[in-house]
Every structure is written in C-alpha cells, then in structure tokens.
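Student: Following this line is start_39.txt, made up of compact mmCIF, C-alpha atoms:
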# COMPACT_ATOMS: atom_id res chain seq x y z
CA MET J 19 125.50 91.17 66.58
CA LYS J 20 124.68 94.37 64.73
CA LEU J 21 121.32 96.07 64.28
CA SER J 22 119.48 99.38 64.19
CA ILE J 23 116.15 100.10 65.83
CA GLU J 24 113.78 102.99 66.44
CA ARG J 25 114.42 104.55 69.83
CA GLU J 26 110.69 104.62 70.81
CA ALA J 27 110.19 100.92 70.04
CA LEU J 28 113.33 99.92 71.96
CA LEU J 29 112.42 102.12 74.92
CA ARG J 30 108.90 100.70 75.15
CA SER J 31 110.16 97.12 75.22
CA LEU J 32 113.00 97.91 77.65
CA SER J 33 110.50 99.62 79.96
CA HIS J 34 108.49 96.41 80.05
CA VAL J 35 111.35 93.99 80.68
CA GLN J 36 113.67 96.00 82.95
CA SER J 37 111.12 96.25 85.78
CA VAL J 38 111.54 92.50 86.44
CA VAL J 39 115.25 93.00 87.19
CA GLU J 40 116.06 93.48 90.88
CA ARG J 41 118.22 96.51 91.64
CA ARG J 42 120.54 94.47 93.85
CA ASN J 43 121.75 91.13 92.57
CA THR J 44 124.37 88.72 93.91
CA ILE J 45 124.41 86.98 90.50
CA PRO J 46 125.71 89.53 87.95
CA ILE J 47 123.93 88.10 84.89
CA LEU J 48 120.54 88.54 86.58
CA SER J 49 121.13 92.30 86.36
CA ASN J 50 121.32 91.96 82.57
CA VAL J 51 118.86 91.82 79.70
CA ARG J 52 119.48 89.12 77.12
CA MET J 53 119.30 90.49 73.58
CA THR J 54 118.92 88.13 70.63
CA ALA J 55 118.86 89.52 67.09
CA SER J 56 117.50 87.42 64.21
CA GLU J 57 115.53 87.95 60.99
CA GLY J 58 114.18 91.45 61.45
CA SER J 59 113.52 91.31 65.18
CA LEU J 60 115.23 91.81 68.52
CA ALA J 61 114.14 89.60 71.42
CA LEU J 62 114.65 91.01 74.94
CA THR J 63 114.56 88.72 77.99
CA THR J 64 114.98 89.39 81.72
CA THR J 65 114.49 87.19 84.77
CA ASP J 66 114.84 87.11 88.55
CA MET J 67 114.70 83.27 88.53
CA ASP J 68 111.03 83.36 89.66
CA LEU J 69 109.66 85.55 86.89
CA GLU J 70 110.74 85.86 83.25
CA ILE J 71 109.58 88.29 80.59
CA ASN J 72 110.37 88.01 76.89
CA GLU J 73 109.40 90.61 74.32
CA SER J 74 110.17 90.85 70.60
CA VAL J 75 110.43 94.13 68.72
CA ALA J 76 111.03 94.88 65.04
CA ALA J 77 114.62 95.84 64.13
CA THR J 78 116.87 96.06 61.08
CA VAL J 79 119.35 93.24 61.71
CA SER J 80 122.66 93.38 59.83
CA GLU J 81 124.35 90.64 61.82
CA GLU J 82 122.53 88.03 63.90
CA GLY J 83 123.71 87.13 67.38
CA GLY J 84 123.08 87.51 71.08
CA THR J 85 124.52 88.98 74.25
CA THR J 86 123.52 90.35 77.66
CA VAL J 87 124.05 93.88 78.99
CA PRO J 88 123.02 95.71 82.21
CA ALA J 89 119.25 96.20 81.89
CA HIS J 90 118.72 99.34 83.98
CA THR J 91 121.77 101.08 82.48
CA LEU J 92 120.64 100.40 78.90
CA HIS J 93 117.10 101.53 79.75
CA ASP J 94 118.41 104.80 81.23
CA ILE J 95 120.61 105.42 78.17
CA VAL J 96 117.78 104.85 75.68
CA ARG J 97 115.36 106.91 77.79
CA LYS J 98 117.72 109.92 77.60
CA LEU J 99 118.37 109.69 73.86
CA PRO J 100 116.62 112.21 71.56
CA ASN J 101 113.08 111.46 70.40
CA ASP J 102 112.71 110.06 66.87
CA SER J 103 116.34 108.90 66.83
CA THR J 104 117.59 105.59 65.47
CA VAL J 105 119.68 103.50 67.85
CA GLU J 106 122.50 101.33 66.55
CA LEU J 107 123.64 98.36 68.64
CA VAL J 108 126.93 96.63 67.78
CA VAL J 109 128.67 93.85 69.75
CA ASN J 110 132.42 93.42 69.21
CA ALA J 111 133.92 90.21 67.83
CA GLU J 112 134.97 89.00 71.28
CA GLY J 113 131.42 89.47 72.63
CA THR J 114 132.71 91.51 75.58
CA GLN J 115 131.38 94.95 74.70
CA MET J 116 128.32 96.48 73.07
CA THR J 117 128.40 99.93 71.48
CA VAL J 118 125.19 101.96 71.63
CA LYS J 119 125.04 104.82 69.10
CA ALA J 120 122.39 107.44 68.40
CA GLY J 121 123.24 110.68 66.59
CA ARG J 122 126.38 112.05 68.21
CA SER J 123 125.98 109.97 71.38
CA GLN J 124 127.98 106.81 71.90
CA PHE J 125 128.11 104.41 74.86
CA LYS J 126 130.07 101.24 75.47
CA LEU J 127 128.56 98.61 77.78
CA SER J 128 130.20 95.50 79.19
CA CYS J 129 128.62 92.23 78.05
CA LEU J 130 128.20 88.80 79.61
CA SER J 131 127.64 85.71 77.46
CA ALA J 132 124.05 84.99 76.45
CA GLY J 133 124.83 81.29 76.89
CA ASP J 134 125.07 81.79 80.66
CA PHE J 135 121.65 83.45 80.90
CA PRO J 136 119.23 81.25 82.93
CA GLU J 137 115.94 79.98 81.46
CA ILE J 138 112.77 79.35 83.44
CA GLY J 139 110.22 79.57 80.63
CA ALA J 140 110.69 76.28 78.78
CA SER J 141 108.44 73.54 80.17
CA ASP J 142 105.29 71.59 79.31
CA MET J 143 102.08 73.31 80.41
CA PRO J 144 99.06 71.01 80.05
CA ILE J 145 96.30 73.48 80.97
CA SER J 146 95.62 76.11 78.31
CA LEU J 147 92.94 78.79 78.15
CA SER J 148 92.44 82.29 76.82
CA LEU J 149 90.78 85.35 78.34
CA PRO J 150 89.79 88.76 76.96
CA ALA J 151 92.27 91.37 78.18
CA GLY J 152 89.44 93.34 79.80
CA SER J 153 88.25 90.31 81.78
CA LEU J 154 91.75 89.59 83.09
CA ARG J 155 92.15 93.26 83.99
CA ASP J 156 88.90 93.13 86.02
CA LEU J 157 89.98 89.91 87.74
CA ILE J 158 93.25 91.49 88.86
CA ASP J 159 91.82 94.88 89.86
CA ARG J 160 88.97 93.39 91.92
CA THR J 161 91.24 91.18 94.01
CA ARG J 162 94.92 92.22 94.07
CA PHE J 163 94.55 94.92 96.74
CA ALA J 164 93.74 92.18 99.27
CA MET J 165 96.97 90.20 98.65
CA SER J 166 99.23 89.88 101.68
CA THR J 167 102.71 91.41 101.80
CA GLU J 168 103.89 89.38 104.82
CA GLU J 169 106.70 87.04 103.83
CA THR J 170 105.94 84.71 106.76
CA ARG J 171 102.56 83.86 105.20
CA TYR J 172 103.99 83.49 101.70
CA TYR J 173 101.01 81.42 100.50
CA LEU J 174 98.86 84.58 100.78
CA ASN J 175 101.25 86.66 98.64
CA GLY J 176 99.30 86.20 95.43
CA ILE J 177 95.93 85.57 93.80
CA TYR J 178 94.41 82.10 94.09
CA LEU J 179 92.78 80.91 90.84
CA HIS J 180 90.62 77.83 90.49
CA ALA J 181 87.58 76.38 88.74
CA SER J 182 84.50 76.56 90.95
CA GLU J 183 80.72 76.70 90.83
CA LYS J 184 78.25 79.45 91.69
CA ASP J 185 74.49 78.90 91.64
CA GLY J 186 75.01 75.82 89.49
CA VAL J 187 77.14 77.65 86.92
CA ALA J 188 80.84 76.84 86.34
CA VAL J 189 83.08 79.85 87.07
CA LEU J 190 86.74 80.80 87.16
CA ARG J 191 87.24 82.20 90.66
CA ALA J 192 89.99 84.52 91.88
CA VAL J 193 90.53 85.01 95.62
CA ALA J 194 93.00 87.12 97.59
CA THR J 195 93.26 87.69 101.33
CA ASP J 196 95.71 89.04 103.87
CA GLY J 197 93.84 87.79 106.92
CA HIS J 198 92.13 91.15 107.52
CA ARG J 199 90.08 91.27 104.33
CA LEU J 200 89.12 88.98 101.48
CA ALA J 201 88.32 89.76 97.85
CA LEU J 202 86.55 87.26 95.58
CA PHE J 203 85.77 87.59 91.88
CA ASP J 204 83.91 85.16 89.59
CA MET J 205 83.75 85.06 85.82
CA PRO J 206 82.37 82.47 83.37
CA LEU J 207 84.70 79.47 83.19
CA PRO J 208 86.70 79.71 79.94
CA SER J 209 87.20 76.64 77.77
CA GLY J 210 90.25 74.67 78.88
CA ALA J 211 90.06 75.73 82.55
CA GLU J 212 87.86 72.82 83.67
CA GLY J 213 90.83 70.99 85.21
CA LEU J 214 92.19 74.00 87.12
CA GLU J 215 92.22 72.72 90.71
CA GLY J 216 93.93 75.74 92.24
CA VAL J 217 97.10 77.77 91.70
CA ILE J 218 98.55 80.81 93.48
CA VAL J 219 99.97 83.42 91.08
CA PRO J 220 102.63 85.51 92.91
CA ARG J 221 102.21 89.20 93.69
CA LYS J 222 105.16 90.33 91.53
CA CYS J 223 103.82 88.47 88.50
CA ILE J 224 100.38 90.05 89.05
CA GLY J 225 101.95 93.51 89.23
CA GLU J 226 103.97 93.09 86.03
CA LEU J 227 101.04 91.54 84.19
CA ARG J 228 98.73 94.39 85.20
CA LYS J 229 101.18 96.96 83.80
CA LEU J 230 101.29 95.12 80.47
CA ILE J 231 97.56 94.45 80.07
CA ASP J 232 96.64 98.03 79.17
CA GLU J 233 98.75 97.72 76.02
CA ALA J 234 97.59 94.18 75.24
CA ALA J 235 95.51 93.05 72.28
CA ASP J 236 92.04 91.57 72.71
CA THR J 237 93.00 88.09 73.95
CA ILE J 238 95.57 86.79 76.41
CA GLN J 239 96.69 83.17 76.24
CA ILE J 240 97.27 81.49 79.63
CA ASP J 241 99.16 78.21 80.00
CA LEU J 242 99.57 76.41 83.32
CA SER J 243 101.43 73.52 84.86
CA GLU J 244 101.66 72.45 88.50
CA THR J 245 104.58 74.82 89.09
CA LYS J 246 104.43 77.57 86.44
CA VAL J 247 102.10 79.94 84.60
CA ARG J 248 102.68 81.64 81.26
CA PHE J 249 100.82 84.67 79.86
CA SER J 250 101.24 85.31 76.12
CA PHE J 251 99.93 88.24 74.08
CA ASP J 252 101.13 90.37 71.18
CA HIS J 253 104.94 90.02 71.24
CA VAL J 254 105.18 89.47 75.00
CA VAL J 255 105.56 86.24 76.99
CA LEU J 256 105.48 86.47 80.79
CA THR J 257 106.39 83.27 82.67
CA SER J 258 106.30 82.87 86.43
CA LYS J 259 106.78 80.19 89.02
CA LEU J 260 103.64 79.57 91.07
CA ILE J 261 103.65 79.84 94.86
CA ASP J 262 104.30 76.39 96.28
CA GLY J 263 101.87 76.39 99.18
CA THR J 264 98.31 75.62 100.22
CA PHE J 265 95.81 78.46 100.06
CA PRO J 266 93.51 78.47 103.11
CA ASP J 267 89.88 77.39 102.94
CA TYR J 268 88.51 80.84 102.16
CA GLN J 269 84.88 79.63 102.27
CA ARG J 270 85.13 79.37 106.04
CA VAL J 271 85.90 83.10 106.22
CA ILE J 272 82.75 84.15 104.35
CA PRO J 273 80.02 84.52 107.00
CA GLU J 274 76.62 82.96 106.35
CA GLY J 275 74.56 84.19 109.32
CA ASN J 276 74.79 87.96 108.79
CA ASP J 277 71.25 89.35 108.96
CA LYS J 278 71.65 93.14 109.14
CA ILE J 279 71.56 94.65 105.64
CA VAL J 280 72.09 98.29 104.68
CA GLU J 281 72.59 99.89 101.28
CA VAL J 282 74.49 103.08 100.57
CA ASP J 283 75.69 105.08 97.57
CA PRO J 284 79.31 103.86 97.15
CA LYS J 285 80.63 107.21 95.90
CA VAL J 286 79.08 109.14 98.79
CA PHE J 287 80.22 106.46 101.24
CA SER J 288 83.77 106.43 99.88
CA SER J 289 84.09 110.23 99.94
CA ALA J 290 82.81 110.37 103.52
CA ILE J 291 85.28 107.69 104.66
CA ASP J 292 88.11 109.57 102.96
CA ARG J 293 87.22 112.85 104.68
CA VAL J 294 86.64 111.44 108.15
CA SER J 295 89.76 109.24 108.07
CA THR J 296 91.89 112.39 107.73
CA ILE J 297 91.61 112.63 111.52
CA SER J 298 91.99 108.91 112.28
CA ASP J 299 94.97 107.48 114.13
CA GLY J 300 97.88 106.93 111.71
CA LYS J 301 98.50 103.28 112.64
CA SER J 302 95.05 101.71 112.76
CA ARG J 303 93.27 104.19 110.43
CA ALA J 304 90.17 103.29 112.44
CA VAL J 305 86.78 104.71 111.46
CA LYS J 306 83.64 103.97 113.51
CA ILE J 307 80.37 103.40 111.71
CA ALA J 308 77.18 103.89 113.74
CA LEU J 309 73.98 102.73 112.05
CA ASN J 310 70.80 104.21 113.47
CA GLY J 311 67.65 103.88 111.43
CA LYS J 312 68.09 105.58 108.06
CA VAL J 313 71.36 107.30 108.94
CA MET J 314 74.98 106.11 109.00
CA THR J 315 77.31 108.22 111.12
CA LEU J 316 81.01 107.94 110.37
CA SER J 317 83.42 109.15 113.04
CA ALA J 318 87.15 109.13 113.77
CA SER J 319 89.39 110.62 116.43
CA SER J 320 92.99 110.82 117.50
CA ALA J 321 94.66 112.26 120.57
CA GLU J 322 96.83 114.59 118.46
CA ALA J 323 94.50 115.74 115.67
CA GLY J 324 90.99 115.87 117.19
CA SER J 325 87.81 114.30 115.85
CA ALA J 326 85.54 114.19 112.80
CA THR J 327 82.00 113.01 112.05
CA GLU J 328 79.87 112.83 108.93
CA GLU J 329 76.36 111.52 108.28
CA VAL J 330 75.35 109.51 105.22
CA GLU J 331 71.85 108.44 104.18
CA ILE J 332 71.25 104.70 103.89
CA ASN J 333 68.52 102.24 102.91
CA GLY J 334 67.60 99.65 105.52
CA GLU J 335 66.99 100.08 109.21
CA THR J 336 69.36 98.56 111.77
CA ASP J 337 71.19 99.64 114.90
CA ILE J 338 74.84 98.68 115.27
CA GLU J 339 78.22 100.29 115.94
CA ILE J 340 81.25 98.77 114.25
CA GLY J 341 84.80 99.88 113.38
CA PHE J 342 86.89 99.33 110.28
CA ASN J 343 90.30 100.21 108.87
CA ALA J 344 89.55 103.20 106.60
CA LYS J 345 92.14 102.23 103.99
CA TYR J 346 90.67 98.74 103.67
CA LEU J 347 87.18 100.22 103.26
CA LEU J 348 88.41 102.63 100.58
CA ASP J 349 90.18 99.81 98.71
CA ILE J 350 86.87 97.95 98.50
CA THR J 351 84.56 100.87 97.72
CA SER J 352 86.89 102.00 94.91
CA GLN J 353 86.11 98.70 93.13
CA ILE J 354 82.33 99.25 93.29
CA SER J 355 81.28 101.01 90.13
CA GLY J 356 77.49 100.61 90.42
CA GLU J 357 74.93 102.87 92.06
CA GLY J 358 74.50 100.81 95.23
CA CYS J 359 76.78 99.22 97.79
CA ARG J 360 75.37 96.59 100.18
CA LEU J 361 76.81 95.89 103.64
CA THR J 362 75.69 92.67 105.34
CA LEU J 363 76.55 92.71 109.06
CA ALA J 364 76.04 90.55 112.13
CA ASN J 365 77.66 92.17 115.19
CA PRO J 366 80.63 94.46 116.02
CA ALA J 367 83.03 91.51 116.29
CA ALA J 368 81.97 89.54 113.19
CA PRO J 369 83.23 89.98 109.62
CA THR J 370 81.11 92.10 107.27
CA ILE J 371 80.26 91.28 103.65
CA ILE J 372 80.39 94.15 101.15
CA GLN J 373 78.99 93.79 97.62
CA ASP J 374 78.12 95.81 94.55
CA ASN J 375 74.32 95.74 94.18
CA GLY J 376 74.52 95.70 90.41
CA ASP J 377 77.42 93.24 90.03
CA PRO J 378 77.15 89.80 91.67
CA SER J 379 80.56 88.74 90.33
CA SER J 380 82.44 90.30 93.28
CA LEU J 381 82.26 89.77 97.02
CA TYR J 382 84.39 91.37 99.76
CA VAL J 383 84.78 90.35 103.39
CA LEU J 384 86.21 92.79 105.94
CA MET J 385 87.20 92.06 109.53
CA PRO J 386 86.14 94.78 112.02
CA LEU J 387 88.35 96.77 114.39
CA ARG J 388 87.69 97.56 118.03
CA VAL J 389 86.93 101.27 118.32
I'd like the structure from this file rewritten - as structure tokens, please.
Tutor:
Amino acid sequence: MKLSIEREALLRSLSHVQSVVERRNTIPILSNVRMTASEGSLALTTTDMDLEINESVAATVSEEGGTTVPAHTLHDIVRKLPNDSTVELVVNAEGTQMTVKAGRSQFKLSCLSAGDFPEIGASDMPISLSLPAGSLRDLIDRTRFAMSTEETRYYLNGIYLHASEKDGVAVLRAVATDGHRLALFDMPLPSGAEGLEGVIVPRKCIGELRKLIDEAADTIQIDLSETKVRFSFDHVVLTSKLIDGTFPDYQRVIPEGNDKIVEVDPKVFSSAIDRVSTISDGKSRAVKIALNGKVMTLSASSAEAGSATEEVEINGETDIEIGFNAKYLLDITSQISGEGCRLTLANPAAPTIIQDNGDPSSLYVLMPLRV
C-alpha cells in the first residue's frame, strides 16, 4: 500500500474514528485502525466490537492495499505534523511496517494484518428511514442527558426509539431515563419507521453520533435490524449493536393527576438555580423550591458553606414546598429555548412534569428530593 494525502483531511477522519478505540485493549488489533487504499480514496475503520465507524477520505493512491496500525499513535503523529503538509503512507512488502512521512519527519509503525480485523457492520437491516441532521441533533440533545450510567441497569444506558402516537398523530418517540428523571421527545414519524417497535441505542453510539452530526450533510440514513443500527451520511458509516434488554414502561412514570401549574421564565429560573446551588450540599445538590402565590423562592444550604435564597416571579398561584437535584433541573431548563417553562406538580413526594410552553414535542419528568 502506498498513497499520499493532505494532512488536514487525514487528521479530520482520524479524529472521528480514533475516539471509538478504547485506550486499554486485551485484543491488540482492536487498538488499531484498518486502512484500505483503493481508487483515489482511503477508508479508515475502527471498532470496539460493539461500535464500528468507517470513513472514506480522498487520497492519491499509488499502490492499493490494506493494513492496520495503532489508531491513537497515528492520530497523535498526524496531529503534530505541520499544517498544510502532505502525508505519505507506505507499507513494506511484508506488511509488517508502515512508514509515515511528511516533510523531514518520518515514523515507522508496526502493522497487523487487515485480514484479522473484526467486522460488525455487515448484516441485513430491514427497517430503513432518513432524518434531517437537525432533527436527529434535536432528538439526541433533548434526551441524552437523562440516560443512565449505571452498568447494573444496562437497559437504561441508551435512548429508546419507537413508533408511537400522540393526539392521533404518528410520531417517532425518543425516551431516556435513569430512574431519577425522564426525557421524552416526539417528532413526525418518518417514512419507513412505521414498523419500529422499539430499540435501545447505546450511550457510546449516541455520543459518537452527536460529535459527527455537526459536520453532517442535510440527511442522515438510518438502517435497523433487531440487533444493530447503522447511521450513514457523507463518507461516514457508524454501526452499533443495540442494547439487548427491555426498556421499562415509561408511561407509568409520567404522572396524570398533577393539578398545580406554574409558569416561569426558563432563563431566569435556570440562572437562579445555578446561583443558589453554589451553596448546596455537594452530594445531593439539593435545592428547595417554595411556591407562595406569585413568587417562587429558591433556597439551598450546607453545613460547611452556609445558605442562599433567591426569589423568582411566576405565573399561577399555588402553595407547595418541594426539593430537586439542582443539576437535574439545570439539565432540563437548558433544553427549553422558548419564553415560558411550565411546571406541573402534585405534592412534595410526587414526580413533577416540566415542559416548554412553546414546544409540545418535549416532556420532562423529575423525581423530587427530601429537603
């Protein structure tokens, strides 16, 4: 294999694919990026056996072929090369070593055979749909903060996607929860998604996809089977195994009897929470909200730091005192871009619904804390 390629183009693609590679691997080839040169392009592939990313980039190929080299090492080398340089990649006849040249710099990297590189991407995916990049970005941003990080409840470590119905209209629904909070987002059901009964896309796949979306073209192709999902756009293909588990019945978590409604400016509310929580206890991050007529009083205290209070004007009259985790509240209010934020409460021990007044596509449920 022999080729030359612009340093910026190679660095951009390596930046995308190397983040999939785990820093510590018991299987050496999983630390490598597979590089396949053919007809004016270089294809880069990495995998951790659950997630695979493949990206093609234009290159001047003198000799076709393929190999694998350490992904993080190659990325670091290319990152440190001079801007606007041309990188030359040459694999020796035995396939055991790749030479990386740019200007006066030269590196030699050990290779492992491309034939031993594992594949997870090739399989039949019967469900196929496409989404605008902006819509997929909204879906991820509105829900991913509520994904669980507990490995014991692995079925919560992702976003649950399924076809549903809202007010008689078919929707594609995304749900995430960690048991303390729930985030739900609806969008019009795209063509091809009618048979989507429910899949859980893992947290790592969501994170990698979100990083790539900002550079994506207008449309992202999504293909699904019972065990895998594939996202394709531009010259990138991201394939992931789905979480093999049953997502809980989230509808049971959304309260229906909440009758106390208050509305508040989300930016004012969010800023007040942020300020008051500076004093809150480091573990629980608890903030107490006291609603009294037209005023909401936020307060927090800790034995070491002291106490803080701040008043915020609200619409709606109700009397209740309830506590929340400040970080969870901030995660939700940061997703509300409209002028009004609506809180629907029942009592200090019951979950609260939080919504954007101007955007019915999202709904958030937050469990209270004892304060």
Student: Using all atoms listed in the file, which protein or nucleic acid residues come within 8 Å of region 156-173 of chain J? Drop anything in the same chain fewer than 3 positions from it, and give the result as a list in words.
Tutor: Gly152, Ser153, Gly176, Ile177, Ala192, Val193, Ala194, Thr195, Asp196, Gly197, Arg199, Leu200, Ala201, Leu202, Phe203, Asp204, Ile218, Arg221, Ile224, Arg228, Ile261, Asp262, Gly263, Thr264, Phe265, Asp349, Gln353 and Ser380 of chain J
Student: Just how far from CA of Leu230 (chain J) is CA of Leu62 (chain J), in Å to one decimal?
Tutor: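 So the two atoms, CA of Leu62 (chain J) and CA of Leu230 (chain J), lie 15.0 Å apart.
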Student: What separation in Å, quoted to one decimal, exists between CA of Ser146 (chain J) and CA of Ile231 (chain J)?
Tutor: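 Going from CA of Ser146 (chain J) over to CA of Ile231 (chain J) covers 18.5 Å.
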Student: Name the residues in contact with region 246-258 of chain J at a cut-off of 7 Å, using all atoms listed in the file, excluding same-chain residues fewer than 5 positions from it; report them as a list in words.
Tutor: Asp68, Leu69, Glu70, Ile71, Asn72, Glu73, Ser74, Gly139, Cys223, Ala234, Ala235, Thr237, Ile238, Gln239, Ile240 and Asp241 of chain J
Student: Dig up all the protein and nucleic acid residues within 12 Å of (72.1, 97.5, 98.4) in the file frame, using only C-alpha atoms, and format them as a list in words.
Tutor: Lys278, Ile279, Val280, Glu281, Val282, Asp283, Pro284, Ile332, Asn333, Gly334, Ile354, Gly356, Glu357, Gly358, Cys359, Arg360, Leu361, Thr362, Ile371, Ile372, Gln373, Asp374, Asn375, Gly376, Asp377 and Pro378 of chain J
Student: Which distance in Å separates CA of Glu24 (chain J) and CA of Asp102 (chain J), to one decimal?
Tutor: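 Computed distance, CA of Glu24 (chain J) to CA of Asp102 (chain J), equals 7.2 Å.
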Student: For a cut-off of 9 Å around (125.7, 103.7, 77.4), file coordinates, pick out all residues using all atoms listed in the file and list them as a list in words.
Tutor: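 Output: Thr91, Leu92, Asp94, Ile95, Val96, Met116, Thr117, Val118, Lys119, Ser123, Gln124, Phe125, Lys126 and Leu127 of chain J.
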Student: Ranking J:Asn43, J:Ser33, J:Ser352, J:Thr245 by minimum distance to Leu260 (chain J) and counting only C-alpha atoms, which one comes first?
Tutor: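 Among the listed residues, J:Thr245 lies closest to Leu260 (chain J).
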Student: Residues at most 12 Å from Ile45 (chain J), counting only C-alpha atoms, excluding those fewer than 5 positions away in the same chain, as a PyMOL selection string?
Tutor: chain J and resi 39-40+50+65-67+130+134-136
Student: Using C-alpha atoms, can you write the selected residues to a file as a short mmCIF file (atom, residue, chain, number, x, y, z; two decimals), in the frame of the given file?
Tutor:
data_model
loop_
_atom_site.label_atom_id
_atom_site.label_comp_id
_atom_site.auth_asym_id
_atom_site.auth_seq_id
_atom_site.Cartn_x
_atom_site.Cartn_y
_atom_site.Cartn_z
CA VAL J 39 115.25 93.00 87.19
CA GLU J 40 116.06 93.48 90.88
CA ASN J 50 121.32 91.96 82.57
CA THR J 65 114.49 87.19 84.77
CA ASP J 66 114.84 87.11 88.55
CA MET J 67 114.70 83.27 88.53
CA LEU J 130 128.20 88.80 79.61
CA ASP J 134 125.07 81.79 80.66
CA PHE J 135 121.65 83.45 80.90
CA PRO J 136 119.23 81.25 82.93
#
Student: Tell me, counting all atoms listed in the file, for each residue of region 124-235 of chain J within 6 Å of region 79-87 of chain J, which pair of atoms is nearest and how far apart they are in Å to one decimal, in rows ordered by chain and increasing number, as a tab-separated table.
Tutor:
residue	atom	partner	partner_atom	distance
J:Cys129	CA	J:Val87	CA	4.9
J:Leu130	CA	J:Thr86	CA	5.3
J:Ser131	CA	J:Thr85	CA	5.5
J:Ala132	CA	J:Thr85	CA	4.6
Student: Any chance you can output those residues with C-alpha atoms as a PDB file, in the coordinates of the input?
Tutor:
ATOM      1  CA  CYS J 129     128.620  92.230  78.050  1.00  0.00           C
ATOM      2  CA  LEU J 130     128.200  88.800  79.610  1.00  0.00           C
ATOM      3  CA  SER J 131     127.640  85.710  77.460  1.00  0.00           C
ATOM      4  CA  ALA J 132     124.050  84.990  76.450  1.00  0.00           C
TER       5      ALA J 132
END
Student: Using all atoms listed in the file, which residue out of J:His198, J:Lys20, J:Arg270, J:His180 lies closest to Leu242 (chain J)?
Tutor: J:His180
Student: For region 37-128 of chain J against region 25-28 of chain J, with a cut-off of 8 Å and counting only C-alpha atoms, what is the closest atom pair and its distance in Å to one decimal for every residue that makes the cut, ordered by chain and number, as a tab-separated table?
Tutor:
residue	atom	partner	partner_atom	distance
J:Val75	CA	J:Ala27	CA	6.9
J:Ala76	CA	J:Ala27	CA	7.9
J:Val96	CA	J:Arg25	CA	6.8
J:Leu99	CA	J:Arg25	CA	7.6
J:Asn101	CA	J:Arg25	CA	7.1
J:Asp102	CA	J:Arg25	CA	6.5
J:Ser103	CA	J:Arg25	CA	5.6
J:Thr104	CA	J:Arg25	CA	5.5
J:Val105	CA	J:Arg25	CA	5.7
Student: Name all residues at most 12 Å from Gly213 (chain J) (count all atoms listed in the file; drop same-chain ones fewer than 2 positions away) and give them as a list in words.
Tutor: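 Listing them by chain and then by number gives Pro144, Ile145, Ser146, Leu147, Leu179, His180, Ala181, Ser182, Ala188, Val189, Leu190, Leu207, Pro208, Ser209, Gly210, Ala211, Glu215, Gly216, Val217, Leu242, Ser243 and Glu244 of chain J.
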Student: Between J:Leu21, J:Leu214, J:Leu149, J:Lys222, which residue has the minimum interatomic distance to Val38 (chain J), considering only C-alpha atoms?
Tutor: J:Lys222
Student: When you count all atoms listed in the file, which of these residues is closest to Gln115 (chain J): J:Pro46, J:Pro386, J:Pro88, J:Pro266?
Tutor: J:Pro88
Student: Restricting the calculation to all atoms listed in the file: of J:Val109, J:Ala344, J:Ile338, J:Ile23, which residue gets closest to Lys301 (chain J)?
Tutor: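 Answer, going by the shortest atom-to-atom distance: J:Ala344.
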Student: Give the padded box for region 331-344 of chain J as JSON: axis-aligned, covering all atoms listed in the file, 8 Å on each side, centre and edge lengths in Å to one decimal.
Tutor:
{"center_x": 78.6, "center_y": 103.5, "center_z": 109.4, "size_x": 39.3, "size_y": 25.9, "size_z": 29.0}
